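First comes the structure, then the notes that go with it.
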Amino acid sequence: MKKGLFIVLLIAQSMVAQTISGNFPELKAAQVLLRGYNGFQEHELATTTTDSAGNFTLTYPKEYVGAALLQIKNSKSIIVLLNHENFSMSWSNLQDINTLQFANSIENEAFTKGITLNQEIESKLTGLKFLLPQYKTTSKQHKWLQQEIRQQTQRFQNHLNQLPKTSYARYYLKIRKLITDMPLTANRYIERMPKHEEDFKNLNFSEDYLWHSGLLNELFDGFYQLMESHIEVEKVTQHANLATDEWVKNLATQPTKQQDVAEHCFKWLEKRSLFAAAEHLAKAMLNQTNCQIDQKRTNLFEQYRKLAIGNPAPNIQLNNNQWLSTLNSNYILVAFGARWSPNCQTDYPKLNQGYKNLKDTYGLEIVYISIDTDKNAFETYYKDALFITHCDTQGWETQAAKDYHIFATPTYILLDKNLKIVAKINTPEHLEAWLQAHKGQ
């Protein structure tokens with residue numbers, strides 16, 4: 001290769017990539033993987049292997065700005081911040097995070113300092129706020145404590161203010177502090193809740209800085225969990241719905257991101273039994289006029305809107321003479337599954353084994369609707385089923401799956417004798433626990 005061409009290639013490569021060089025002397029011939037974030041998903045940015053002295057070099061895309069997870073196979077994982085820097089790192093003792101050092105990285109040095117500073121501040125604030133009410137009648141000491149609390153509170157923001165506005169560490173630390181503060185607020189400093197709600201609503205949920213942070217899960221889960229601190233169900237729902245409306249509106253021009261967030265939050269709210277807030281979110285998404293929701297998420301939200309707790313469930317024809325409504329049982333578990341589904345392969349034997357006891361104890365009937373398309377395979381697999389099974393070989397197009405807006409297997413919906421929906425069941429164990437808790441009601 002000609003010298004001039006070689007130089008051109010090096011220049012071209014430097015324009016599209018950045019490098020991280022490292023020395024982890026305890027690791028020899030170990031795989032090092034750099035994973036970036038895109039919303040709720042991770043993806044590989046670069047991978048390499050350390051040499052016999054623990055040295056390595058990772059080359060990652062220059063256009064990626066955000067947090068990344070540096071994973072050492074069968075060992076440690078650490079967060080690093082990437083923002084157009086070629087930097088190096090050393091870690092002499094993998095058991096001691098304090099031996100991790102960065103060179104030529106303003107971002108990671110600011111990040112490390114910010115994390116340490118916040119821990120120090122929170123420790124001091126805990127002591128100061130504990131002392132404050134004890135000196136309420138002592139004017140001088142009380143005033144000093146209040147002033148010291150204000151100064152400590154401002155120290156972290158001062159650290160951020162010293163960083164360039166283009167610094168990713170400045171943005172990342174702000175979000176991370178909000179996430180860290182929310183559970184503390186719920187447990188100790190409830191007076192901070194209005195400030196957290198305002199900070200959350202003022203976020204730009206569409207910007208890549210946030211989507212490359214790896215913090216989306218913690219941010220949304222932590223915020224809605226904080227809303228539970230309002231305790232009264234009506235207030236929890238009210239405050240959660242206001243926040244939902246804010247990010248739904250904020251992401252209106254980013255339908256893919258909007259749907260990703262909606263699916264995540266919807267499942268979290270439903271898991272926490274915040275059904276009114278989940279219903280509000282489902283309706284907000286179904287009422288969108290600016291984007292087309294994909295079929296999977298349409299079914300997700302429609303299943304909630306039409307099959308919410310307390311709603312009447314669609315009747316299902318099982319054969320020429322038998323319908324759900326003709327079953328004489330206290331409860332009916334409508335189970336959607338398939339022989340090829342790994343979770344169904346685990347749950348089906350449990351349901352079959354526990355069926356007789358649940359039927360005798362609680363008056364439960366199980367109707368198992370299979371999404372299979374092979375009649376012979378279905379009959380062979382479920383030949384020992386003690387409960388009602390049904391398969392019309394139409395797969396996801398079976399009418400029952402359409403009526404119940406099924407998008408995943410297994411799906412379990414528990415009905416009372418009047419076909420009113422009384423619970424969404426997660427597992428066979430959850431089914432038995434629910435029936436036991438509601439026995440005699």
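Residues in the structure tokens are numbered from 1 in each chain, the chains being A, B, ... in the order shown, and ligands are numbered from 1 in the order shown.
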
Shell of 9 Å around Ala110 in chain A, only C-alpha atoms, local chain residues under 2 positions omitted, as a count of residues only: 13

Quick one: residues within 7 Å of range 404-415 of chain A, only C-alpha atoms, excluding same-chain residues fewer than 3 positions away - as a ChimeraX atom specification? /A:296,299-300,302-303,331-338,341,343-344,400-401,419-426

Just to be explicit: take each residue in the selection above, keep C-alpha atoms, and write the result as an mmCIF file, in the first residue's frame.
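Saved as again_24.cif:
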```
data_model
loop_
_atom_site.group_PDB
_atom_site.id
_atom_site.type_symbol
_atom_site.label_atom_id
_atom_site.label_comp_id
_atom_site.auth_asym_id
_atom_site.auth_seq_id
_atom_site.Cartn_x
_atom_site.Cartn_y
_atom_site.Cartn_z
ATOM 1 C CA LYS A 296 -48.649 -5.520 18.931
ATOM 2 C CA ASN A 299 -53.456 -5.115 21.121
ATOM 3 C CA LEU A 300 -51.596 -4.283 24.326
ATOM 4 C CA GLU A 302 -56.860 -2.414 23.536
ATOM 5 C CA GLN A 303 -56.592 -5.433 25.815
ATOM 6 C CA TYR A 331 -64.214 -18.781 38.428
ATOM 7 C CA ILE A 332 -62.962 -19.356 34.892
ATOM 8 C CA LEU A 333 -59.319 -18.955 33.969
ATOM 9 C CA VAL A 334 -59.081 -18.191 30.256
ATOM 10 C CA ALA A 335 -55.559 -19.222 29.328
ATOM 11 C CA PHE A 336 -53.972 -18.468 25.961
ATOM 12 C CA GLY A 337 -50.919 -20.591 25.236
ATOM 13 C CA ALA A 338 -49.045 -22.706 22.684
ATOM 14 C CA SER A 341 -43.926 -21.301 23.865
ATOM 15 C CA ASN A 343 -43.145 -20.263 29.295
ATOM 16 C CA CYS A 344 -46.214 -22.298 28.357
ATOM 17 C CA ALA A 400 -60.873 -15.771 20.759
ATOM 18 C CA ALA A 401 -57.342 -14.350 20.447
ATOM 19 C CA LEU A 419 -67.791 -13.525 32.927
ATOM 20 C CA LYS A 420 -66.679 -10.341 34.666
ATOM 21 C CA ILE A 421 -62.901 -9.858 34.624
ATOM 22 C CA VAL A 422 -61.579 -10.054 38.173
ATOM 23 C CA ALA A 423 -57.805 -10.368 37.678
ATOM 24 C CA LYS A 424 -54.927 -10.512 35.211
ATOM 25 C CA ILE A 425 -52.875 -13.537 36.245
ATOM 26 C CA ASN A 426 -49.107 -13.750 35.724
#
```

Using only C-alpha atoms, which protein or nucleic acid residues come within 9 Å of range 196-199 of chain A? Drop anything in the same chain fewer than 5 positions from it, and give the result as number ranges by chain. A: 178, 181-182, 185, 223, 227, 239, 243

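Of the residues under consideration (A:Gln152, A:Thr59, A:Asn202, A:Asn321), A:Thr59 shows the shortest atom-to-atom contact distance to His84 in chain A when counting only C-alpha atoms.
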
Using DSSP assignments from the backbone, pull out every residue in range 37-104 of chain A that falls under strand (DSSP E) and give it to me as a ChimeraX atom specification. /A:37-38,41-49,55-61,66-72,77-82,87-91,100-103

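Distances from A:Arg339, A:Lys383, A:His438, A:Lys417 to Gly395 in chain A were compared using only C-alpha atoms, and the smallest one belongs to A:Arg339.
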
Do a neighbour search on Ser90 in chain A at 7 Å with only C-alpha atoms, toss out local chain neighbours closer than 4 positions, and write the hits as a PyMOL selection string. chain A and resi 22-24+100-102

Could you take the residues named above and write them with all heavy atoms, as a short mmCIF file (atom, residue, chain, number, x, y, z; two decimals), in the first residue's frame?
```cif
data_model
loop_
_atom_site.label_atom_id
_atom_site.label_comp_id
_atom_site.auth_asym_id
_atom_site.auth_seq_id
_atom_site.Cartn_x
_atom_site.Cartn_y
_atom_site.Cartn_z
N GLY A 22 -6.84 0.83 27.40
CA GLY A 22 -6.90 0.49 28.81
C GLY A 22 -5.84 -0.49 29.23
O GLY A 22 -5.24 -1.18 28.40
N ASN A 23 -5.61 -0.51 30.52
CA ASN A 23 -4.70 -1.49 31.11
C ASN A 23 -5.31 -2.02 32.40
O ASN A 23 -5.44 -1.30 33.38
CB ASN A 23 -3.33 -0.87 31.42
CG ASN A 23 -2.42 -1.85 32.14
OD1 ASN A 23 -2.06 -1.64 33.29
ND2 ASN A 23 -2.05 -2.93 31.48
N PHE A 24 -5.73 -3.28 32.35
CA PHE A 24 -6.27 -3.99 33.51
C PHE A 24 -5.34 -5.18 33.75
O PHE A 24 -5.58 -6.28 33.25
CB PHE A 24 -7.69 -4.48 33.25
CG PHE A 24 -8.72 -3.39 33.01
CD1 PHE A 24 -10.00 -3.71 32.61
CD2 PHE A 24 -8.40 -2.05 33.19
CE1 PHE A 24 -10.95 -2.73 32.39
CE2 PHE A 24 -9.34 -1.06 32.98
CZ PHE A 24 -10.63 -1.39 32.56
N LEU A 100 -9.57 2.63 39.92
CA LEU A 100 -9.90 2.91 38.52
C LEU A 100 -9.53 4.36 38.21
O LEU A 100 -10.01 5.28 38.87
CB LEU A 100 -11.38 2.68 38.27
CG LEU A 100 -11.92 3.03 36.88
CD1 LEU A 100 -11.25 2.17 35.81
CD2 LEU A 100 -13.44 2.88 36.84
N GLN A 101 -8.69 4.56 37.22
CA GLN A 101 -8.22 5.89 36.86
C GLN A 101 -8.46 6.17 35.37
O GLN A 101 -8.35 5.27 34.54
CB GLN A 101 -6.72 6.02 37.15
CG GLN A 101 -6.35 5.76 38.61
CD GLN A 101 -6.86 6.85 39.53
OE1 GLN A 101 -6.94 8.03 39.15
NE2 GLN A 101 -7.21 6.47 40.76
N PHE A 102 -8.81 7.44 35.06
CA PHE A 102 -8.98 7.88 33.68
C PHE A 102 -7.93 8.93 33.35
O PHE A 102 -7.52 9.71 34.21
CB PHE A 102 -10.37 8.49 33.48
CG PHE A 102 -11.50 7.50 33.57
CD1 PHE A 102 -12.14 7.27 34.78
CD2 PHE A 102 -11.91 6.80 32.45
CE1 PHE A 102 -13.17 6.36 34.89
CE2 PHE A 102 -12.95 5.89 32.54
CZ PHE A 102 -13.58 5.66 33.75
#
```

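Residue neighbourhood of range 44-48 of chain A, excluding near-sequence residues (fewer than 4 positions): A:Gln31, A:Val32, A:Leu33, A:Leu34, A:Arg35, A:Gly36, A:Tyr60, at 6 Å, using only C-alpha atoms.
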
Once you have the residues from the selection above, write them out as a JSON list (two decimals), in the first residue's frame, restricted to all heavy atoms.
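That gives us selection-v8.json:
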```json
[["chain", "number", "residue", "atom", "x", "y", "z"],
["A", 31, "GLN", "N", -12.06, -11.06, 27.27],
["A", 31, "GLN", "CA", -12.90, -10.29, 26.35],
["A", 31, "GLN", "C", -13.40, -9.02, 27.04],
["A", 31, "GLN", "O", -13.87, -9.06, 28.17],
["A", 31, "GLN", "CB", -14.09, -11.12, 25.89],
["A", 31, "GLN", "CG", -14.95, -10.39, 24.85],
["A", 31, "GLN", "CD", -16.21, -11.17, 24.48],
["A", 31, "GLN", "OE1", -16.89, -11.69, 25.33],
["A", 31, "GLN", "NE2", -16.49, -11.25, 23.19],
["A", 32, "VAL", "N", -13.30, -7.91, 26.33],
["A", 32, "VAL", "CA", -13.81, -6.62, 26.81],
["A", 32, "VAL", "C", -14.85, -6.14, 25.80],
["A", 32, "VAL", "O", -14.57, -6.04, 24.60],
["A", 32, "VAL", "CB", -12.69, -5.57, 26.96],
["A", 32, "VAL", "CG1", -13.27, -4.25, 27.46],
["A", 32, "VAL", "CG2", -11.62, -6.07, 27.90],
["A", 33, "LEU", "N", -16.04, -5.86, 26.29],
["A", 33, "LEU", "CA", -17.15, -5.49, 25.42],
["A", 33, "LEU", "C", -17.68, -4.12, 25.82],
["A", 33, "LEU", "O", -17.87, -3.84, 27.00],
["A", 33, "LEU", "CB", -18.27, -6.53, 25.54],
["A", 33, "LEU", "CG", -19.54, -6.33, 24.71],
["A", 33, "LEU", "CD1", -19.22, -6.44, 23.22],
["A", 33, "LEU", "CD2", -20.58, -7.37, 25.10],
["A", 34, "LEU", "N", -17.90, -3.26, 24.83],
["A", 34, "LEU", "CA", -18.46, -1.94, 25.07],
["A", 34, "LEU", "C", -19.87, -1.92, 24.49],
["A", 34, "LEU", "O", -20.06, -2.10, 23.29],
["A", 34, "LEU", "CB", -17.60, -0.86, 24.41],
["A", 34, "LEU", "CG", -17.97, 0.60, 24.72],
["A", 34, "LEU", "CD1", -17.67, 0.93, 26.18],
["A", 34, "LEU", "CD2", -17.19, 1.56, 23.81],
["A", 35, "ARG", "N", -20.86, -1.69, 25.36],
["A", 35, "ARG", "CA", -22.27, -1.70, 24.94],
["A", 35, "ARG", "C", -22.88, -0.33, 25.15],
["A", 35, "ARG", "O", -22.78, 0.26, 26.23],
["A", 35, "ARG", "CB", -23.06, -2.75, 25.70],
["A", 35, "ARG", "CG", -22.55, -4.18, 25.48],
["A", 35, "ARG", "CD", -23.45, -5.21, 26.14],
["A", 35, "ARG", "NE", -24.76, -5.26, 25.54],
["A", 35, "ARG", "CZ", -25.03, -5.93, 24.41],
["A", 35, "ARG", "NH1", -24.07, -6.59, 23.77],
["A", 35, "ARG", "NH2", -26.25, -5.94, 23.91],
["A", 36, "GLY", "N", -23.52, 0.18, 24.10],
["A", 36, "GLY", "CA", -24.21, 1.46, 24.19],
["A", 36, "GLY", "C", -25.70, 1.26, 24.41],
["A", 36, "GLY", "O", -26.20, 0.13, 24.47],
["A", 60, "TYR", "N", -14.78, 2.88, 19.03],
["A", 60, "TYR", "CA", -16.24, 3.01, 19.02],
["A", 60, "TYR", "C", -16.67, 4.14, 18.07],
["A", 60, "TYR", "O", -15.88, 5.04, 17.78],
["A", 60, "TYR", "CB", -16.77, 3.25, 20.43],
["A", 60, "TYR", "CG", -16.37, 4.58, 21.05],
["A", 60, "TYR", "CD1", -17.18, 5.71, 20.92],
["A", 60, "TYR", "CD2", -15.18, 4.70, 21.80],
["A", 60, "TYR", "CE1", -16.82, 6.92, 21.49],
["A", 60, "TYR", "CE2", -14.83, 5.91, 22.38],
["A", 60, "TYR", "CZ", -15.65, 7.01, 22.22],
["A", 60, "TYR", "OH", -15.30, 8.21, 22.79]]
```

Shortest contact to Asn328 in chain A, candidates A:Leu82, A:Leu364, A:Thr398, A:Asp347, atoms counted only C-alpha atoms, goes to A:Leu364

DSSP on the backbone: which residues in range 259-433 of chain A end up as helix (DSSP H, G or I)? Give the answer as JSON, numbers by chain. {"A": [259, 260, 261, 262, 263, 264, 265, 266, 267, 268, 269, 270, 271, 275, 276, 277, 278, 279, 280, 281, 282, 283, 284, 285, 286, 295, 296, 297, 298, 299, 300, 301, 302, 303, 304, 305, 306, 324, 325, 326, 342, 343, 344, 345, 346, 347, 348, 349, 350, 351, 352, 353, 354, 355, 356, 357, 358, 359, 360, 361, 362, 375, 376, 377, 378, 379, 380, 381, 395, 396, 397, 399, 400, 401, 402, 403, 428, 429, 430, 431, 432, 433]}

Top pick for closest residue to Tyr355 in chain A, considering A:Ala68, A:Ala385, A:Leu173, A:Ile369 and counting only C-alpha atoms: A:Ala385

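Each of A:Pro312, A:Pro164, A:Pro349, A:Pro428 was checked against Tyr381 in chain A using only C-alpha atoms; the smallest atom-to-atom distance is that of A:Pro349.
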
Might you pull out every residue within 12 Å of range 204-211 of chain A, with only C-alpha atoms counted and same-chain residues fewer than 5 positions away left off, and present them as a tab-separated table (two decimals) with N, CA, C and O atoms, in the first residue's frame?
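Listed below is the output, selection.tsv:
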```tsv
chain	number	residue	atom	x	y	z
A	36	GLY	N	-23.52	0.18	24.10
A	36	GLY	CA	-24.21	1.46	24.19
A	36	GLY	C	-25.70	1.26	24.41
A	36	GLY	O	-26.20	0.13	24.47
A	37	TYR	N	-26.42	2.36	24.51
A	37	TYR	CA	-27.85	2.30	24.80
A	37	TYR	C	-28.64	3.04	23.71
A	37	TYR	O	-28.21	4.06	23.19
A	38	ASN	N	-29.81	2.48	23.43
A	38	ASN	CA	-30.77	3.16	22.58
A	38	ASN	C	-32.14	2.98	23.22
A	38	ASN	O	-32.82	1.98	23.00
A	39	GLY	N	-32.50	3.91	24.06
A	39	GLY	CA	-33.75	3.77	24.80
A	39	GLY	C	-33.64	2.68	25.85
A	39	GLY	O	-32.75	2.68	26.70
A	40	PHE	N	-34.54	1.70	25.76
A	40	PHE	CA	-34.57	0.61	26.72
A	40	PHE	C	-33.71	-0.57	26.29
A	40	PHE	O	-33.64	-1.58	26.98
A	41	GLN	N	-33.05	-0.43	25.14
A	41	GLN	CA	-32.26	-1.53	24.60
A	41	GLN	C	-30.76	-1.22	24.66
A	41	GLN	O	-30.34	-0.07	24.62
A	42	GLU	N	-29.97	-2.29	24.74
A	42	GLU	CA	-28.52	-2.18	24.65
A	42	GLU	C	-28.07	-2.69	23.28
A	42	GLU	O	-28.75	-3.51	22.66
A	63	GLU	N	-19.96	9.08	16.29
A	63	GLU	CA	-21.25	9.78	16.40
A	63	GLU	C	-22.00	9.41	17.68
A	63	GLU	O	-22.99	10.06	18.03
A	64	TYR	N	-21.54	8.37	18.39
A	64	TYR	CA	-22.24	7.97	19.61
A	64	TYR	C	-21.80	8.85	20.78
A	64	TYR	O	-20.63	8.87	21.16
A	65	VAL	N	-22.75	9.59	21.34
A	65	VAL	CA	-22.52	10.39	22.54
A	65	VAL	C	-23.50	9.90	23.60
A	65	VAL	O	-24.71	9.93	23.40
A	66	GLY	N	-22.96	9.44	24.72
A	66	GLY	CA	-23.83	8.92	25.76
A	66	GLY	C	-23.07	8.07	26.75
A	66	GLY	O	-21.83	8.06	26.77
A	67	ALA	N	-23.81	7.35	27.57
A	67	ALA	CA	-23.20	6.41	28.50
A	67	ALA	C	-23.02	5.07	27.81
A	67	ALA	O	-23.72	4.75	26.85
A	68	ALA	N	-22.07	4.30	28.29
A	68	ALA	CA	-21.84	2.97	27.75
A	68	ALA	C	-21.43	2.04	28.89
A	68	ALA	O	-20.88	2.48	29.90
A	81	LEU	N	-18.53	7.33	30.13
A	81	LEU	CA	-19.22	8.33	29.32
A	81	LEU	C	-18.40	8.61	28.06
A	81	LEU	O	-17.18	8.80	28.13
A	82	LEU	N	-19.10	8.65	26.93
A	82	LEU	CA	-18.46	8.85	25.64
A	82	LEU	C	-18.94	10.15	25.03
A	82	LEU	O	-20.14	10.37	24.87
A	83	ASN	N	-17.99	11.02	24.69
A	83	ASN	CA	-18.35	12.29	24.07
A	83	ASN	C	-17.16	12.83	23.27
A	83	ASN	O	-16.52	13.80	23.65
A	166	THR	N	-21.81	21.74	26.81
A	166	THR	CA	-21.78	20.61	25.87
A	166	THR	C	-21.32	19.32	26.54
A	166	THR	O	-21.25	18.27	25.89
A	167	SER	N	-21.00	19.38	27.83
A	167	SER	CA	-20.51	18.21	28.54
A	167	SER	C	-21.63	17.19	28.73
A	167	SER	O	-22.72	17.53	29.21
A	168	TYR	N	-21.36	15.94	28.35
A	168	TYR	CA	-22.37	14.91	28.58
A	168	TYR	C	-22.46	14.58	30.06
A	168	TYR	O	-23.55	14.25	30.56
A	169	ALA	N	-21.35	14.67	30.79
A	169	ALA	CA	-21.37	14.40	32.23
A	169	ALA	C	-22.34	15.34	32.94
A	169	ALA	O	-23.02	14.95	33.89
A	170	ARG	N	-22.37	16.59	32.50
A	170	ARG	CA	-23.28	17.57	33.11
A	170	ARG	C	-24.72	17.11	32.97
A	170	ARG	O	-25.50	17.17	33.93
A	171	TYR	N	-25.09	16.63	31.79
A	171	TYR	CA	-26.45	16.16	31.57
A	171	TYR	C	-26.71	14.86	32.32
A	171	TYR	O	-27.72	14.70	33.02
A	172	TYR	N	-25.79	13.92	32.19
A	172	TYR	CA	-25.97	12.58	32.77
A	172	TYR	C	-26.08	12.65	34.30
A	172	TYR	O	-26.96	11.99	34.89
A	173	LEU	N	-25.23	13.43	34.93
A	173	LEU	CA	-25.26	13.53	36.39
A	173	LEU	C	-26.56	14.15	36.89
A	173	LEU	O	-27.09	13.76	37.95
A	174	LYS	N	-27.11	15.08	36.13
A	174	LYS	CA	-28.37	15.71	36.51
A	174	LYS	C	-29.49	14.67	36.53
A	174	LYS	O	-30.28	14.61	37.48
A	175	ILE	N	-29.57	13.85	35.48
A	175	ILE	CA	-30.61	12.82	35.42
A	175	ILE	C	-30.39	11.77	36.49
A	175	ILE	O	-31.32	11.33	37.18
A	176	ARG	N	-29.13	11.38	36.64
A	176	ARG	CA	-28.81	10.33	37.62
A	176	ARG	C	-29.12	10.80	39.04
A	176	ARG	O	-29.58	10.01	39.88
A	199	ASP	N	-39.26	18.86	37.78
A	199	ASP	CA	-38.05	18.50	37.03
A	199	ASP	C	-38.35	17.42	35.99
A	199	ASP	O	-37.85	17.47	34.86
A	216	LEU	N	-33.30	5.20	31.16
A	216	LEU	CA	-34.74	5.33	30.93
A	216	LEU	C	-35.55	4.45	31.87
A	216	LEU	O	-36.57	4.88	32.41
A	217	ASN	N	-35.13	3.19	32.04
A	217	ASN	CA	-35.85	2.29	32.94
A	217	ASN	C	-35.96	2.90	34.33
A	217	ASN	O	-37.06	3.00	34.89
A	218	GLU	N	-34.82	3.29	34.89
A	218	GLU	CA	-34.80	3.82	36.25
A	218	GLU	C	-35.56	5.14	36.36
A	218	GLU	O	-36.20	5.41	37.38
A	219	LEU	N	-35.49	5.96	35.32
A	219	LEU	CA	-36.15	7.26	35.36
A	219	LEU	C	-37.67	7.10	35.43
A	219	LEU	O	-38.31	7.68	36.33
A	220	PHE	N	-38.25	6.34	34.53
A	220	PHE	CA	-39.70	6.21	34.50
A	220	PHE	C	-40.21	5.36	35.66
A	220	PHE	O	-41.20	5.72	36.31
A	243	ALA	N	-48.23	13.45	34.70
A	243	ALA	CA	-46.90	13.18	34.17
A	243	ALA	C	-46.99	12.43	32.84
A	243	ALA	O	-46.26	12.72	31.89
A	244	THR	N	-47.89	11.46	32.77
A	244	THR	CA	-48.08	10.70	31.53
A	244	THR	C	-48.46	11.63	30.38
A	244	THR	O	-47.90	11.54	29.28
A	246	GLU	N	-47.75	14.63	30.01
A	246	GLU	CA	-46.62	15.49	29.66
A	246	GLU	C	-45.67	14.78	28.71
A	246	GLU	O	-45.27	15.33	27.68
A	247	TRP	N	-45.27	13.51	29.03
A	247	TRP	CA	-44.31	12.86	28.14
A	247	TRP	C	-44.97	12.36	26.85
A	247	TRP	O	-44.31	12.29	25.81
A	248	VAL	N	-46.26	12.02	26.91
A	248	VAL	CA	-46.96	11.64	25.67
A	248	VAL	C	-46.97	12.83	24.70
A	248	VAL	O	-46.70	12.68	23.50
A	249	LYS	N	-47.26	14.00	25.22
A	249	LYS	CA	-47.26	15.22	24.40
A	249	LYS	C	-45.85	15.54	23.92
A	249	LYS	O	-45.64	15.91	22.75
A	250	ASN	N	-44.87	15.41	24.82
A	250	ASN	CA	-43.49	15.74	24.50
A	250	ASN	C	-42.96	14.85	23.37
A	250	ASN	O	-42.15	15.29	22.54
A	251	LEU	N	-43.41	13.61	23.31
A	251	LEU	CA	-42.92	12.65	22.31
A	251	LEU	C	-43.85	12.53	21.10
A	251	LEU	O	-43.72	11.60	20.31
A	252	ALA	N	-44.77	13.47	20.96
A	252	ALA	CA	-45.78	13.37	19.90
A	252	ALA	C	-45.16	13.31	18.51
A	252	ALA	O	-45.70	12.68	17.60
A	253	THR	N	-44.02	13.98	18.30
A	253	THR	CA	-43.38	13.97	16.98
A	253	THR	C	-42.37	12.85	16.83
A	253	THR	O	-41.69	12.76	15.80
A	254	GLN	N	-42.24	12.02	17.86
A	254	GLN	CA	-41.31	10.88	17.84
A	254	GLN	C	-42.10	9.60	18.14
A	254	GLN	O	-41.99	9.03	19.23
A	255	PRO	N	-42.94	9.15	17.21
A	255	PRO	CA	-43.86	8.04	17.50
A	255	PRO	C	-43.19	6.74	17.94
A	255	PRO	O	-43.71	6.03	18.79
A	256	THR	N	-42.02	6.43	17.38
A	256	THR	CA	-41.34	5.20	17.78
A	256	THR	C	-40.91	5.26	19.23
A	256	THR	O	-41.13	4.33	20.02
A	257	LYS	N	-40.30	6.38	19.61
A	257	LYS	CA	-39.89	6.56	21.00
A	257	LYS	C	-41.10	6.61	21.92
A	257	LYS	O	-41.10	6.05	23.01
A	258	GLN	N	-42.14	7.27	21.47
A	258	GLN	CA	-43.35	7.39	22.27
A	258	GLN	C	-43.94	6.01	22.57
A	258	GLN	O	-44.33	5.71	23.70
A	259	GLN	N	-43.98	5.16	21.56
A	259	GLN	CA	-44.55	3.82	21.75
A	259	GLN	C	-43.66	2.95	22.64
A	259	GLN	O	-44.15	2.15	23.43
A	260	ASP	N	-42.34	3.12	22.53
A	260	ASP	CA	-41.43	2.37	23.40
A	260	ASP	C	-41.65	2.73	24.87
A	260	ASP	O	-41.73	1.86	25.74
A	261	VAL	N	-41.74	4.04	25.13
A	261	VAL	CA	-41.97	4.50	26.50
A	261	VAL	C	-43.34	4.05	26.99
A	261	VAL	O	-43.49	3.58	28.13
```

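With distances restricted to only C-alpha atoms, A:Asn241 is the closest residue to Phe266 in chain A from A:Asn241, A:Ser88, A:Ser77, A:Thr99.
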
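Reported to one decimal place, the separation of CA of Leu70 in chain A from CA of Gly214 in chain A is 12.5 Å.
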